[in-house]
$ cat run09.txt   # compact mmCIF, N, CA and C atoms
# COMPACT_ATOMS: atom_id res chain seq x y z
N MET A 1 158.99 95.42 -11.96
CA MET A 1 160.15 94.92 -11.24
C MET A 1 160.93 96.10 -10.68
N PHE A 2 161.45 95.93 -9.49
CA PHE A 2 162.30 96.93 -8.84
C PHE A 2 163.57 96.20 -8.42
N LYS A 3 164.69 96.59 -9.00
CA LYS A 3 165.95 95.89 -8.76
C LYS A 3 166.89 96.78 -7.95
N VAL A 4 167.50 96.18 -6.93
CA VAL A 4 168.45 96.88 -6.07
C VAL A 4 169.79 96.15 -6.17
N VAL A 5 170.87 96.91 -6.25
CA VAL A 5 172.21 96.32 -6.25
C VAL A 5 173.01 96.93 -5.11
N MET A 6 173.90 96.13 -4.58
CA MET A 6 174.85 96.61 -3.57
C MET A 6 176.25 96.20 -4.01
N LEU A 7 177.19 97.12 -3.88
CA LEU A 7 178.59 96.84 -4.12
C LEU A 7 179.25 96.69 -2.75
N ILE A 8 179.96 95.57 -2.58
CA ILE A 8 180.52 95.23 -1.28
C ILE A 8 181.99 94.86 -1.43
N LYS A 9 182.81 95.37 -0.53
CA LYS A 9 184.25 95.06 -0.47
C LYS A 9 184.52 94.16 0.72
N ARG A 10 185.43 93.23 0.57
CA ARG A 10 185.79 92.34 1.67
C ARG A 10 186.57 93.10 2.74
N LYS A 11 186.57 92.54 3.92
CA LYS A 11 187.30 93.09 5.05
C LYS A 11 188.81 93.00 4.79
N ALA A 12 189.54 94.00 5.22
CA ALA A 12 191.00 94.01 5.04
C ALA A 12 191.61 92.75 5.67
N GLY A 13 192.56 92.16 4.96
CA GLY A 13 193.24 90.97 5.45
C GLY A 13 192.57 89.67 5.07
N MET A 14 191.41 89.73 4.44
CA MET A 14 190.68 88.52 4.04
C MET A 14 190.91 88.28 2.55
N SER A 15 191.18 87.05 2.18
CA SER A 15 191.38 86.73 0.76
C SER A 15 190.03 86.70 0.05
N LYS A 16 190.08 86.80 -1.27
CA LYS A 16 188.85 86.71 -2.07
C LYS A 16 188.17 85.36 -1.84
N ALA A 17 188.95 84.30 -1.79
CA ALA A 17 188.39 82.96 -1.59
C ALA A 17 187.69 82.85 -0.24
N GLU A 18 188.32 83.39 0.81
CA GLU A 18 187.71 83.37 2.15
C GLU A 18 186.41 84.18 2.16
N PHE A 19 186.44 85.34 1.52
CA PHE A 19 185.26 86.21 1.44
C PHE A 19 184.10 85.50 0.76
N GLU A 20 184.37 84.94 -0.40
CA GLU A 20 183.32 84.26 -1.16
C GLU A 20 182.78 83.06 -0.39
N ALA A 21 183.66 82.29 0.22
CA ALA A 21 183.21 81.12 0.98
C ALA A 21 182.35 81.54 2.16
N TYR A 22 182.76 82.57 2.88
CA TYR A 22 181.97 83.01 4.03
C TYR A 22 180.60 83.51 3.57
N TYR A 23 180.59 84.29 2.51
CA TYR A 23 179.31 84.83 2.03
C TYR A 23 178.37 83.68 1.63
N GLU A 24 178.86 82.75 0.85
CA GLU A 24 178.00 81.68 0.35
C GLU A 24 177.58 80.68 1.43
N ASN A 25 178.44 80.43 2.39
CA ASN A 25 178.15 79.43 3.42
C ASN A 25 177.49 79.98 4.67
N ASN A 26 177.53 81.29 4.85
CA ASN A 26 177.00 81.88 6.08
C ASN A 26 176.04 83.04 5.82
N HIS A 27 176.59 84.15 5.32
CA HIS A 27 175.78 85.36 5.21
C HIS A 27 174.61 85.20 4.22
N ARG A 28 174.83 84.45 3.17
CA ARG A 28 173.76 84.20 2.19
C ARG A 28 172.50 83.67 2.87
N LEU A 29 172.68 82.82 3.85
CA LEU A 29 171.54 82.22 4.56
C LEU A 29 170.74 83.27 5.33
N ILE A 30 171.44 84.24 5.91
CA ILE A 30 170.74 85.33 6.59
C ILE A 30 169.96 86.15 5.57
N GLY A 31 170.60 86.45 4.44
CA GLY A 31 169.91 87.19 3.37
C GLY A 31 168.66 86.47 2.91
N GLU A 32 168.78 85.18 2.65
CA GLU A 32 167.62 84.41 2.19
C GLU A 32 166.51 84.40 3.23
N LYS A 33 166.88 84.29 4.50
CA LYS A 33 165.88 84.24 5.57
C LYS A 33 165.02 85.50 5.56
N TYR A 34 165.64 86.67 5.42
CA TYR A 34 164.88 87.92 5.51
C TYR A 34 164.32 88.39 4.18
N LEU A 35 164.95 88.02 3.08
CA LEU A 35 164.44 88.40 1.76
C LEU A 35 163.22 87.57 1.35
N ARG A 36 163.11 86.36 1.87
CA ARG A 36 162.00 85.46 1.53
C ARG A 36 160.67 86.15 1.77
N GLY A 37 159.82 86.12 0.77
CA GLY A 37 158.51 86.77 0.87
C GLY A 37 158.50 88.19 0.33
N TYR A 38 159.69 88.73 0.10
CA TYR A 38 159.80 90.09 -0.44
C TYR A 38 160.47 90.07 -1.82
N ALA A 39 161.71 89.59 -1.87
CA ALA A 39 162.44 89.53 -3.14
C ALA A 39 162.14 88.21 -3.83
N HIS A 40 162.14 88.23 -5.15
CA HIS A 40 161.92 86.96 -5.88
C HIS A 40 163.20 86.47 -6.53
N LYS A 41 164.31 87.22 -6.38
CA LYS A 41 165.60 86.76 -6.88
C LYS A 41 166.69 87.46 -6.07
N TYR A 42 167.72 86.70 -5.70
CA TYR A 42 168.83 87.20 -4.89
C TYR A 42 170.10 86.57 -5.42
N THR A 43 170.98 87.37 -6.02
CA THR A 43 172.22 86.84 -6.58
C THR A 43 173.42 87.59 -6.03
N ARG A 44 174.54 86.88 -6.01
CA ARG A 44 175.82 87.46 -5.69
C ARG A 44 176.72 87.23 -6.89
N ARG A 45 177.23 88.30 -7.44
CA ARG A 45 178.12 88.21 -8.60
C ARG A 45 179.52 88.65 -8.14
N TYR A 46 180.41 87.68 -8.00
CA TYR A 46 181.75 87.94 -7.49
C TYR A 46 182.61 88.50 -8.62
N LEU A 47 183.27 89.61 -8.33
CA LEU A 47 184.02 90.35 -9.34
C LEU A 47 185.49 89.94 -9.34
N HIS A 48 185.98 89.60 -10.53
CA HIS A 48 187.38 89.22 -10.72
C HIS A 48 187.87 89.91 -11.98
N ASN A 49 189.11 90.40 -11.95
CA ASN A 49 189.68 91.04 -13.13
C ASN A 49 189.98 90.01 -14.20
N LEU A 50 189.87 90.45 -15.43
CA LEU A 50 190.26 89.62 -16.56
C LEU A 50 191.75 89.77 -16.80
N ASP A 51 192.36 88.71 -17.26
CA ASP A 51 193.75 88.77 -17.70
C ASP A 51 193.76 89.61 -18.97
N ASP A 52 194.67 90.57 -19.06
CA ASP A 52 194.70 91.46 -20.24
C ASP A 52 195.37 90.83 -21.46
N GLY A 53 195.71 89.55 -21.39
CA GLY A 53 196.34 88.86 -22.50
C GLY A 53 197.84 88.73 -22.31
N SER A 54 198.39 89.50 -21.39
CA SER A 54 199.84 89.46 -21.15
C SER A 54 200.20 88.47 -20.05
N GLY A 55 199.18 87.85 -19.44
CA GLY A 55 199.42 86.95 -18.33
C GLY A 55 199.44 87.67 -17.00
N VAL A 56 199.22 88.99 -17.04
CA VAL A 56 199.24 89.79 -15.82
C VAL A 56 197.84 90.33 -15.55
N ASN A 57 197.33 90.07 -14.36
CA ASN A 57 196.03 90.61 -13.98
C ASN A 57 196.18 92.04 -13.51
N GLN A 58 195.12 92.80 -13.69
CA GLN A 58 195.08 94.17 -13.17
C GLN A 58 195.02 94.11 -11.66
N ASN A 59 195.02 95.27 -10.99
CA ASN A 59 194.83 95.32 -9.55
C ASN A 59 193.46 94.77 -9.19
N ASP A 60 193.28 94.43 -7.92
CA ASP A 60 191.97 93.95 -7.46
C ASP A 60 190.89 94.96 -7.82
N PRO A 61 189.69 94.48 -8.15
CA PRO A 61 188.58 95.40 -8.38
C PRO A 61 188.29 96.19 -7.11
N GLU A 62 187.70 97.35 -7.27
CA GLU A 62 187.37 98.18 -6.11
C GLU A 62 186.41 97.46 -5.16
N TYR A 63 185.52 96.64 -5.73
CA TYR A 63 184.56 95.87 -4.93
C TYR A 63 184.73 94.39 -5.24
N ASP A 64 184.26 93.55 -4.33
CA ASP A 64 184.42 92.11 -4.49
C ASP A 64 183.15 91.40 -4.93
N VAL A 65 182.00 91.99 -4.67
CA VAL A 65 180.74 91.35 -5.05
C VAL A 65 179.72 92.41 -5.41
N LEU A 66 178.92 92.06 -6.39
CA LEU A 66 177.76 92.85 -6.78
C LEU A 66 176.54 92.02 -6.38
N LEU A 67 175.86 92.45 -5.33
CA LEU A 67 174.65 91.77 -4.87
C LEU A 67 173.48 92.34 -5.66
N GLU A 68 172.58 91.48 -6.10
CA GLU A 68 171.38 91.92 -6.80
C GLU A 68 170.16 91.30 -6.14
N ALA A 69 169.14 92.11 -5.92
CA ALA A 69 167.87 91.63 -5.38
C ALA A 69 166.74 92.23 -6.21
N TRP A 70 165.85 91.35 -6.68
CA TRP A 70 164.71 91.77 -7.49
C TRP A 70 163.45 91.70 -6.64
N TYR A 71 162.69 92.77 -6.65
CA TYR A 71 161.42 92.86 -5.92
C TYR A 71 160.31 93.12 -6.93
N PRO A 72 159.08 92.74 -6.60
CA PRO A 72 157.98 93.00 -7.54
C PRO A 72 157.80 94.49 -7.83
N ASP A 73 158.05 95.34 -6.82
CA ASP A 73 157.86 96.79 -6.98
C ASP A 73 158.58 97.51 -5.84
N GLU A 74 158.62 98.83 -5.93
CA GLU A 74 159.32 99.61 -4.90
C GLU A 74 158.64 99.50 -3.54
N ASP A 75 157.31 99.41 -3.52
CA ASP A 75 156.61 99.27 -2.24
C ASP A 75 157.04 98.01 -1.50
N THR A 76 157.23 96.92 -2.23
CA THR A 76 157.68 95.67 -1.60
C THR A 76 159.09 95.82 -1.06
N PHE A 77 159.95 96.51 -1.81
CA PHE A 77 161.30 96.78 -1.31
C PHE A 77 161.24 97.60 -0.02
N ARG A 78 160.41 98.63 0.01
CA ARG A 78 160.29 99.47 1.21
C ARG A 78 159.74 98.65 2.39
N ALA A 79 158.81 97.75 2.10
CA ALA A 79 158.27 96.87 3.15
C ALA A 79 159.37 95.95 3.69
N PHE A 80 160.24 95.47 2.80
CA PHE A 80 161.37 94.65 3.22
C PHE A 80 162.27 95.43 4.17
N LEU A 81 162.62 96.67 3.80
CA LEU A 81 163.48 97.50 4.66
C LEU A 81 162.84 97.70 6.03
N GLU A 82 161.55 97.92 6.05
CA GLU A 82 160.84 98.08 7.32
C GLU A 82 160.89 96.79 8.14
N SER A 83 160.77 95.65 7.47
CA SER A 83 160.74 94.36 8.17
C SER A 83 162.06 94.03 8.85
N ILE A 84 163.17 94.58 8.35
CA ILE A 84 164.48 94.28 8.95
C ILE A 84 164.97 95.41 9.84
N SER A 85 164.11 96.35 10.18
CA SER A 85 164.56 97.53 10.94
C SER A 85 164.48 97.34 12.45
N THR A 86 164.10 96.15 12.92
CA THR A 86 164.08 95.92 14.37
C THR A 86 165.51 95.81 14.89
N PRO A 87 165.74 96.20 16.13
CA PRO A 87 167.11 96.12 16.67
C PRO A 87 167.69 94.70 16.62
N GLU A 88 166.88 93.69 16.85
CA GLU A 88 167.37 92.30 16.85
C GLU A 88 167.86 91.89 15.46
N ILE A 89 167.07 92.21 14.44
CA ILE A 89 167.45 91.83 13.07
C ILE A 89 168.63 92.67 12.60
N THR A 90 168.59 93.96 12.85
CA THR A 90 169.70 94.84 12.46
C THR A 90 171.00 94.36 13.10
N ASP A 91 170.95 94.00 14.37
CA ASP A 91 172.14 93.52 15.07
C ASP A 91 172.64 92.22 14.47
N GLU A 92 171.74 91.30 14.17
CA GLU A 92 172.14 90.02 13.56
C GLU A 92 172.86 90.25 12.23
N ILE A 93 172.28 91.09 11.39
CA ILE A 93 172.86 91.35 10.07
C ILE A 93 174.21 92.07 10.20
N GLU A 94 174.24 93.14 10.97
CA GLU A 94 175.47 93.93 11.09
C GLU A 94 176.60 93.15 11.77
N THR A 95 176.27 92.36 12.77
CA THR A 95 177.29 91.55 13.45
C THR A 95 177.93 90.57 12.47
N ASP A 96 177.11 89.96 11.62
CA ASP A 96 177.66 89.02 10.65
C ASP A 96 178.46 89.76 9.58
N GLU A 97 177.97 90.89 9.10
CA GLU A 97 178.69 91.66 8.08
C GLU A 97 180.07 92.07 8.56
N GLU A 98 180.19 92.41 9.83
CA GLU A 98 181.49 92.83 10.40
C GLU A 98 182.54 91.72 10.29
N LYS A 99 182.10 90.48 10.18
CA LYS A 99 183.04 89.35 10.12
C LYS A 99 183.77 89.26 8.78
N PHE A 100 183.18 89.83 7.71
CA PHE A 100 183.81 89.63 6.40
C PHE A 100 183.70 90.79 5.44
N MET A 101 182.94 91.82 5.76
CA MET A 101 182.74 92.96 4.86
C MET A 101 183.40 94.22 5.41
N ASP A 102 183.81 95.09 4.49
CA ASP A 102 184.20 96.45 4.85
C ASP A 102 182.93 97.29 4.75
N ARG A 103 182.20 97.40 5.84
CA ARG A 103 180.88 98.04 5.83
C ARG A 103 180.96 99.53 5.51
N THR A 104 182.13 100.16 5.68
CA THR A 104 182.24 101.59 5.41
C THR A 104 182.20 101.89 3.92
N ASN A 105 182.46 100.89 3.09
CA ASN A 105 182.49 101.11 1.64
C ASN A 105 181.32 100.45 0.90
N MET A 106 180.30 100.01 1.60
CA MET A 106 179.13 99.41 0.93
C MET A 106 178.35 100.51 0.22
N ARG A 107 177.84 100.20 -0.96
CA ARG A 107 177.02 101.14 -1.73
C ARG A 107 175.76 100.42 -2.19
N MET A 108 174.62 101.13 -2.16
CA MET A 108 173.35 100.55 -2.62
C MET A 108 172.71 101.48 -3.63
N TYR A 109 172.19 100.89 -4.71
CA TYR A 109 171.54 101.64 -5.77
C TYR A 109 170.31 100.88 -6.26
N PHE A 110 169.32 101.61 -6.77
CA PHE A 110 168.27 100.93 -7.51
C PHE A 110 168.64 101.04 -8.98
N ILE A 111 168.20 100.09 -9.76
CA ILE A 111 168.60 100.00 -11.17
C ILE A 111 167.44 100.36 -12.08
N LYS A 112 167.73 101.23 -13.02
CA LYS A 112 166.82 101.53 -14.12
C LYS A 112 167.50 100.96 -15.36
N GLU A 113 166.92 99.91 -15.92
CA GLU A 113 167.56 99.21 -17.03
C GLU A 113 167.04 99.67 -18.38
N SER A 114 167.95 99.69 -19.33
CA SER A 114 167.61 99.89 -20.75
C SER A 114 168.28 98.74 -21.50
N VAL A 115 167.50 98.01 -22.25
CA VAL A 115 167.99 96.83 -22.93
C VAL A 115 167.95 97.05 -24.44
N SER A 116 169.03 96.71 -25.11
CA SER A 116 169.10 96.81 -26.56
C SER A 116 168.74 95.47 -27.17
N ASP A 117 168.02 95.51 -28.26
CA ASP A 117 167.69 94.30 -29.02
C ASP A 117 168.73 94.16 -30.11
N ILE A 118 169.77 93.33 -29.86
CA ILE A 118 170.85 93.22 -30.85
C ILE A 118 170.94 91.82 -31.42

$ encode --input "run09.txt" --output "structure tokens"
Amino acid sequence: MFKVVMLIKRKAGMSKAEFEAYYENNHRLIGEKYLRGYAHKYTRRYLHNLDDGSGVNQNDPEYDVLLEAWYPDEDTFRAFLESISTPEITDEIETDEEKFMDRTNMRMYFIKESVSDI
């Protein structure tokens, strides 16, 4: 398994609720369209601060969503990147991202997991 995560911040002036709704109702569909056949799992984990017990929430998290995509292996992930590198697909993705994401602060990492048996 080869797992990739992206940390994404919403566009300035957009509420968390608007961001999440847009992602789930619009951008998610673009992701599914292009990930199909490459990734076998695609999740969005929306980040919210916990109440510290005093009834006061901390400041907003630095990022609003943790995107996770699981691929069978790194070669499949690289093939996916190649498949979306055409100008038409790149334009479709970037144009939609501009509607709700702060693209300047997006981060992508591959994950090396260590699991404890507790």

$ atom_distance --input "run09.txt" --atom1 "CA of Tyr71 (chain A)" --atom2 "atom C of Arg107 (chain A)"
16.6 Å

$ closest_residue --input "run09.txt" --among "A:Phe100, A:Tyr46, A:Tyr38, A:Phe19" --to "Pro72 (chain A)" --atoms "only N, CA and C atoms"
A:Tyr38

$ atom_distance --input "run09.txt" --atom1 "CA of Arg10 (chain A)" --atom2 "CA of Tyr109 (chain A)"
18.6 Å

$ atom_distance --input "run09.txt" --atom1 "CA of Asn25 (chain A)" --atom2 "CA of Lys11 (chain A)"
16.5 Å

$ select_by_dssp --input "run09.txt" --residues "chain A" --states "alpha helix (DSSP H)" --output "JSON, numbers by chain"
{"A": [16, 17, 18, 19, 20, 21, 22, 28, 29, 30, 31, 32, 33, 34, 35, 74, 75, 76, 77, 78, 79, 80, 81, 82, 83, 87, 88, 89, 90, 91, 92, 93, 94, 95, 96, 97]}

$ closest_residue --input "run09.txt" --among "A:Asp64, A:Trp70, A:Val115, A:Leu29" --to "Lys3 (chain A)" --atoms "only N, CA and C atoms"
A:Trp70

$ select_by_dssp --input "run09.txt" --residues "chain A" --states "strand (DSSP E or B)" --output "PDB file with N, CA and C atoms, keeping the file's coordinate frame"
ATOM      1  N   PHE A   2     161.450  95.930  -9.490  1.00  0.00           N
ATOM      2  CA  PHE A   2     162.300  96.930  -8.840  1.00  0.00           C
ATOM      3  C   PHE A   2     163.570  96.200  -8.420  1.00  0.00           C
ATOM      4  N   LYS A   3     164.690  96.590  -9.000  1.00  0.00           N
ATOM      5  CA  LYS A   3     165.950  95.890  -8.760  1.00  0.00           C
ATOM      6  C   LYS A   3     166.890  96.780  -7.950  1.00  0.00           C
ATOM      7  N   VAL A   4     167.500  96.180  -6.930  1.00  0.00           N
ATOM      8  CA  VAL A   4     168.450  96.880  -6.070  1.00  0.00           C
ATOM      9  C   VAL A   4     169.790  96.150  -6.170  1.00  0.00           C
ATOM     10  N   VAL A   5     170.870  96.910  -6.250  1.00  0.00           N
ATOM     11  CA  VAL A   5     172.210  96.320  -6.250  1.00  0.00           C
ATOM     12  C   VAL A   5     173.010  96.930  -5.110  1.00  0.00           C
ATOM     13  N   MET A   6     173.900  96.130  -4.580  1.00  0.00           N
ATOM     14  CA  MET A   6     174.850  96.610  -3.570  1.00  0.00           C
ATOM     15  C   MET A   6     176.250  96.200  -4.010  1.00  0.00           C
ATOM     16  N   LEU A   7     177.190  97.120  -3.880  1.00  0.00           N
ATOM     17  CA  LEU A   7     178.590  96.840  -4.120  1.00  0.00           C
ATOM     18  C   LEU A   7     179.250  96.690  -2.750  1.00  0.00           C
ATOM     19  N   ILE A   8     179.960  95.570  -2.580  1.00  0.00           N
ATOM     20  CA  ILE A   8     180.520  95.230  -1.280  1.00  0.00           C
ATOM     21  C   ILE A   8     181.990  94.860  -1.430  1.00  0.00           C
ATOM     22  N   ARG A  10     185.430  93.230   0.570  1.00  0.00           N
ATOM     23  CA  ARG A  10     185.790  92.340   1.670  1.00  0.00           C
ATOM     24  C   ARG A  10     186.570  93.100   2.740  1.00  0.00           C
ATOM     25  N   LYS A  41     164.310  87.220  -6.380  1.00  0.00           N
ATOM     26  CA  LYS A  41     165.600  86.760  -6.880  1.00  0.00           C
ATOM     27  C   LYS A  41     166.690  87.460  -6.070  1.00  0.00           C
ATOM     28  N   TYR A  42     167.720  86.700  -5.700  1.00  0.00           N
ATOM     29  CA  TYR A  42     168.830  87.200  -4.890  1.00  0.00           C
ATOM     30  C   TYR A  42     170.100  86.570  -5.420  1.00  0.00           C
ATOM     31  N   THR A  43     170.980  87.370  -6.020  1.00  0.00           N
ATOM     32  CA  THR A  43     172.220  86.840  -6.580  1.00  0.00           C
ATOM     33  C   THR A  43     173.420  87.590  -6.030  1.00  0.00           C
ATOM     34  N   ARG A  44     174.540  86.880  -6.010  1.00  0.00           N
ATOM     35  CA  ARG A  44     175.820  87.460  -5.690  1.00  0.00           C
ATOM     36  C   ARG A  44     176.720  87.230  -6.890  1.00  0.00           C
ATOM     37  N   ARG A  45     177.230  88.300  -7.440  1.00  0.00           N
ATOM     38  CA  ARG A  45     178.120  88.210  -8.600  1.00  0.00           C
ATOM     39  C   ARG A  45     179.520  88.650  -8.140  1.00  0.00           C
ATOM     40  N   TYR A  46     180.410  87.680  -8.000  1.00  0.00           N
ATOM     41  CA  TYR A  46     181.750  87.940  -7.490  1.00  0.00           C
ATOM     42  C   TYR A  46     182.610  88.500  -8.620  1.00  0.00           C
ATOM     43  N   ASP A  51     192.360  88.710 -17.260  1.00  0.00           N
ATOM     44  CA  ASP A  51     193.750  88.770 -17.700  1.00  0.00           C
ATOM     45  C   ASP A  51     193.760  89.610 -18.970  1.00  0.00           C
ATOM     46  N   ASN A  57     197.330  90.070 -14.360  1.00  0.00           N
ATOM     47  CA  ASN A  57     196.030  90.610 -13.980  1.00  0.00           C
ATOM     48  C   ASN A  57     196.180  92.040 -13.510  1.00  0.00           C
ATOM     49  N   VAL A  65     182.000  91.990  -4.670  1.00  0.00           N
ATOM     50  CA  VAL A  65     180.740  91.350  -5.050  1.00  0.00           C
ATOM     51  C   VAL A  65     179.720  92.410  -5.410  1.00  0.00           C
ATOM     52  N   LEU A  66     178.920  92.060  -6.390  1.00  0.00           N
ATOM     53  CA  LEU A  66     177.760  92.850  -6.780  1.00  0.00           C
ATOM     54  C   LEU A  66     176.540  92.020  -6.380  1.00  0.00           C
ATOM     55  N   LEU A  67     175.860  92.450  -5.330  1.00  0.00           N
ATOM     56  CA  LEU A  67     174.650  91.770  -4.870  1.00  0.00           C
ATOM     57  C   LEU A  67     173.480  92.340  -5.660  1.00  0.00           C
ATOM     58  N   GLU A  68     172.580  91.480  -6.100  1.00  0.00           N
ATOM     59  CA  GLU A  68     171.380  91.920  -6.800  1.00  0.00           C
ATOM     60  C   GLU A  68     170.160  91.300  -6.140  1.00  0.00           C
ATOM     61  N   ALA A  69     169.140  92.110  -5.920  1.00  0.00           N
ATOM     62  CA  ALA A  69     167.870  91.630  -5.380  1.00  0.00           C
ATOM     63  C   ALA A  69     166.740  92.230  -6.210  1.00  0.00           C
ATOM     64  N   TRP A  70     165.850  91.350  -6.680  1.00  0.00           N
ATOM     65  CA  TRP A  70     164.710  91.770  -7.490  1.00  0.00           C
ATOM     66  C   TRP A  70     163.450  91.700  -6.640  1.00  0.00           C
ATOM     67  N   TYR A  71     162.690  92.770  -6.650  1.00  0.00           N
ATOM     68  CA  TYR A  71     161.420  92.860  -5.920  1.00  0.00           C
ATOM     69  C   TYR A  71     160.310  93.120  -6.930  1.00  0.00           C
ATOM     70  N   MET A 101     182.940  91.820   5.760  1.00  0.00           N
ATOM     71  CA  MET A 101     182.740  92.960   4.860  1.00  0.00           C
ATOM     72  C   MET A 101     183.400  94.220   5.410  1.00  0.00           C
ATOM     73  N   ARG A 107     177.840 100.200  -0.960  1.00  0.00           N
ATOM     74  CA  ARG A 107     177.020 101.140  -1.730  1.00  0.00           C
ATOM     75  C   ARG A 107     175.760 100.420  -2.190  1.00  0.00           C
ATOM     76  N   MET A 108     174.620 101.130  -2.160  1.00  0.00           N
ATOM     77  CA  MET A 108     173.350 100.550  -2.620  1.00  0.00           C
ATOM     78  C   MET A 108     172.710 101.480  -3.630  1.00  0.00           C
ATOM     79  N   TYR A 109     172.190 100.890  -4.710  1.00  0.00           N
ATOM     80  CA  TYR A 109     171.540 101.640  -5.770  1.00  0.00           C
ATOM     81  C   TYR A 109     170.310 100.880  -6.260  1.00  0.00           C
ATOM     82  N   PHE A 110     169.320 101.610  -6.770  1.00  0.00           N
ATOM     83  CA  PHE A 110     168.270 100.930  -7.510  1.00  0.00           C
ATOM     84  C   PHE A 110     168.640 101.040  -8.980  1.00  0.00           C
ATOM     85  N   ILE A 111     168.200 100.090  -9.760  1.00  0.00           N
ATOM     86  CA  ILE A 111     168.600 100.000 -11.170  1.00  0.00           C
ATOM     87  C   ILE A 111     167.440 100.360 -12.080  1.00  0.00           C
TER      88      ILE A 111
END

$ residues_around --input "run09.txt" --residues "Val65 (chain A)" --least-positions-apart "4" --cutoff "5 Å" --atoms "all atoms listed in the file" --output "short mmCIF file (atom, residue, chain, number, x, y, z; two decimals) with N, CA and C atoms, in the frame of the given file"
data_model
loop_
_atom_site.label_atom_id
_atom_site.label_comp_id
_atom_site.auth_asym_id
_atom_site.auth_seq_id
_atom_site.Cartn_x
_atom_site.Cartn_y
_atom_site.Cartn_z
N LEU A 7 177.19 97.12 -3.88
CA LEU A 7 178.59 96.84 -4.12
C LEU A 7 179.25 96.69 -2.75
N ILE A 8 179.96 95.57 -2.58
CA ILE A 8 180.52 95.23 -1.28
C ILE A 8 181.99 94.86 -1.43
N ARG A 45 177.23 88.30 -7.44
CA ARG A 45 178.12 88.21 -8.60
C ARG A 45 179.52 88.65 -8.14
N TYR A 46 180.41 87.68 -8.00
CA TYR A 46 181.75 87.94 -7.49
C TYR A 46 182.61 88.50 -8.62
N LEU A 47 183.27 89.61 -8.33
CA LEU A 47 184.02 90.35 -9.34
C LEU A 47 185.49 89.94 -9.34
#

$ closest_residue --input "run09.txt" --among "A:Glu74, A:Thr90, A:Asn105, A:Arg28" --to "Met1 (chain A)" --atoms "all atoms listed in the file"
A:Glu74

$ residues_around --input "run09.txt" --residues "His40 (chain A)" --least-positions-apart "2" --cutoff "12 Å" --atoms "only C-alpha atoms" --output "MDAnalysis selection string"
chainID A and resid 1:4 32 34:38 42:43 68:73 76:77 80

$ write_last_selection --input "run09.txt" --atoms "N, CA and C atoms" --output "short mmCIF file (atom, residue, chain, number, x, y, z; two decimals), in the coordinates of the input"
data_model
loop_
_atom_site.label_atom_id
_atom_site.label_comp_id
_atom_site.auth_asym_id
_atom_site.auth_seq_id
_atom_site.Cartn_x
_atom_site.Cartn_y
_atom_site.Cartn_z
N MET A 1 158.99 95.42 -11.96
CA MET A 1 160.15 94.92 -11.24
C MET A 1 160.93 96.10 -10.68
N PHE A 2 161.45 95.93 -9.49
CA PHE A 2 162.30 96.93 -8.84
C PHE A 2 163.57 96.20 -8.42
N LYS A 3 164.69 96.59 -9.00
CA LYS A 3 165.95 95.89 -8.76
C LYS A 3 166.89 96.78 -7.95
N VAL A 4 167.50 96.18 -6.93
CA VAL A 4 168.45 96.88 -6.07
C VAL A 4 169.79 96.15 -6.17
N GLU A 32 168.78 85.18 2.65
CA GLU A 32 167.62 84.41 2.19
C GLU A 32 166.51 84.40 3.23
N TYR A 34 165.64 86.67 5.42
CA TYR A 34 164.88 87.92 5.51
C TYR A 34 164.32 88.39 4.18
N LEU A 35 164.95 88.02 3.08
CA LEU A 35 164.44 88.40 1.76
C LEU A 35 163.22 87.57 1.35
N ARG A 36 163.11 86.36 1.87
CA ARG A 36 162.00 85.46 1.53
C ARG A 36 160.67 86.15 1.77
N GLY A 37 159.82 86.12 0.77
CA GLY A 37 158.51 86.77 0.87
C GLY A 37 158.50 88.19 0.33
N TYR A 38 159.69 88.73 0.10
CA TYR A 38 159.80 90.09 -0.44
C TYR A 38 160.47 90.07 -1.82
N TYR A 42 167.72 86.70 -5.70
CA TYR A 42 168.83 87.20 -4.89
C TYR A 42 170.10 86.57 -5.42
N THR A 43 170.98 87.37 -6.02
CA THR A 43 172.22 86.84 -6.58
C THR A 43 173.42 87.59 -6.03
N GLU A 68 172.58 91.48 -6.10
CA GLU A 68 171.38 91.92 -6.80
C GLU A 68 170.16 91.30 -6.14
N ALA A 69 169.14 92.11 -5.92
CA ALA A 69 167.87 91.63 -5.38
C ALA A 69 166.74 92.23 -6.21
N TRP A 70 165.85 91.35 -6.68
CA TRP A 70 164.71 91.77 -7.49
C TRP A 70 163.45 91.70 -6.64
N TYR A 71 162.69 92.77 -6.65
CA TYR A 71 161.42 92.86 -5.92
C TYR A 71 160.31 93.12 -6.93
N PRO A 72 159.08 92.74 -6.60
CA PRO A 72 157.98 93.00 -7.54
C PRO A 72 157.80 94.49 -7.83
N ASP A 73 158.05 95.34 -6.82
CA ASP A 73 157.86 96.79 -6.98
C ASP A 73 158.58 97.51 -5.84
N THR A 76 157.23 96.92 -2.23
CA THR A 76 157.68 95.67 -1.60
C THR A 76 159.09 95.82 -1.06
N PHE A 77 159.95 96.51 -1.81
CA PHE A 77 161.30 96.78 -1.31
C PHE A 77 161.24 97.60 -0.02
N PHE A 80 160.24 95.47 2.80
CA PHE A 80 161.37 94.65 3.22
C PHE A 80 162.27 95.43 4.17
#

$ closest_atom_pairs --input "run09.txt" --of "region 10-79 of chain A" --to "region 92-96 of chain A" --cutoff "8 Å" --atoms "only N, CA and C atoms" --output "tab-separated table"
residue	atom	partner	partner_atom	distance
A:Asn26	C	A:Asp96	CA	7.9
A:His27	CA	A:Asp96	C	6.8
A:Ile30	CA	A:Ile93	CA	7.3
A:Gly31	N	A:Ile93	CA	7.8
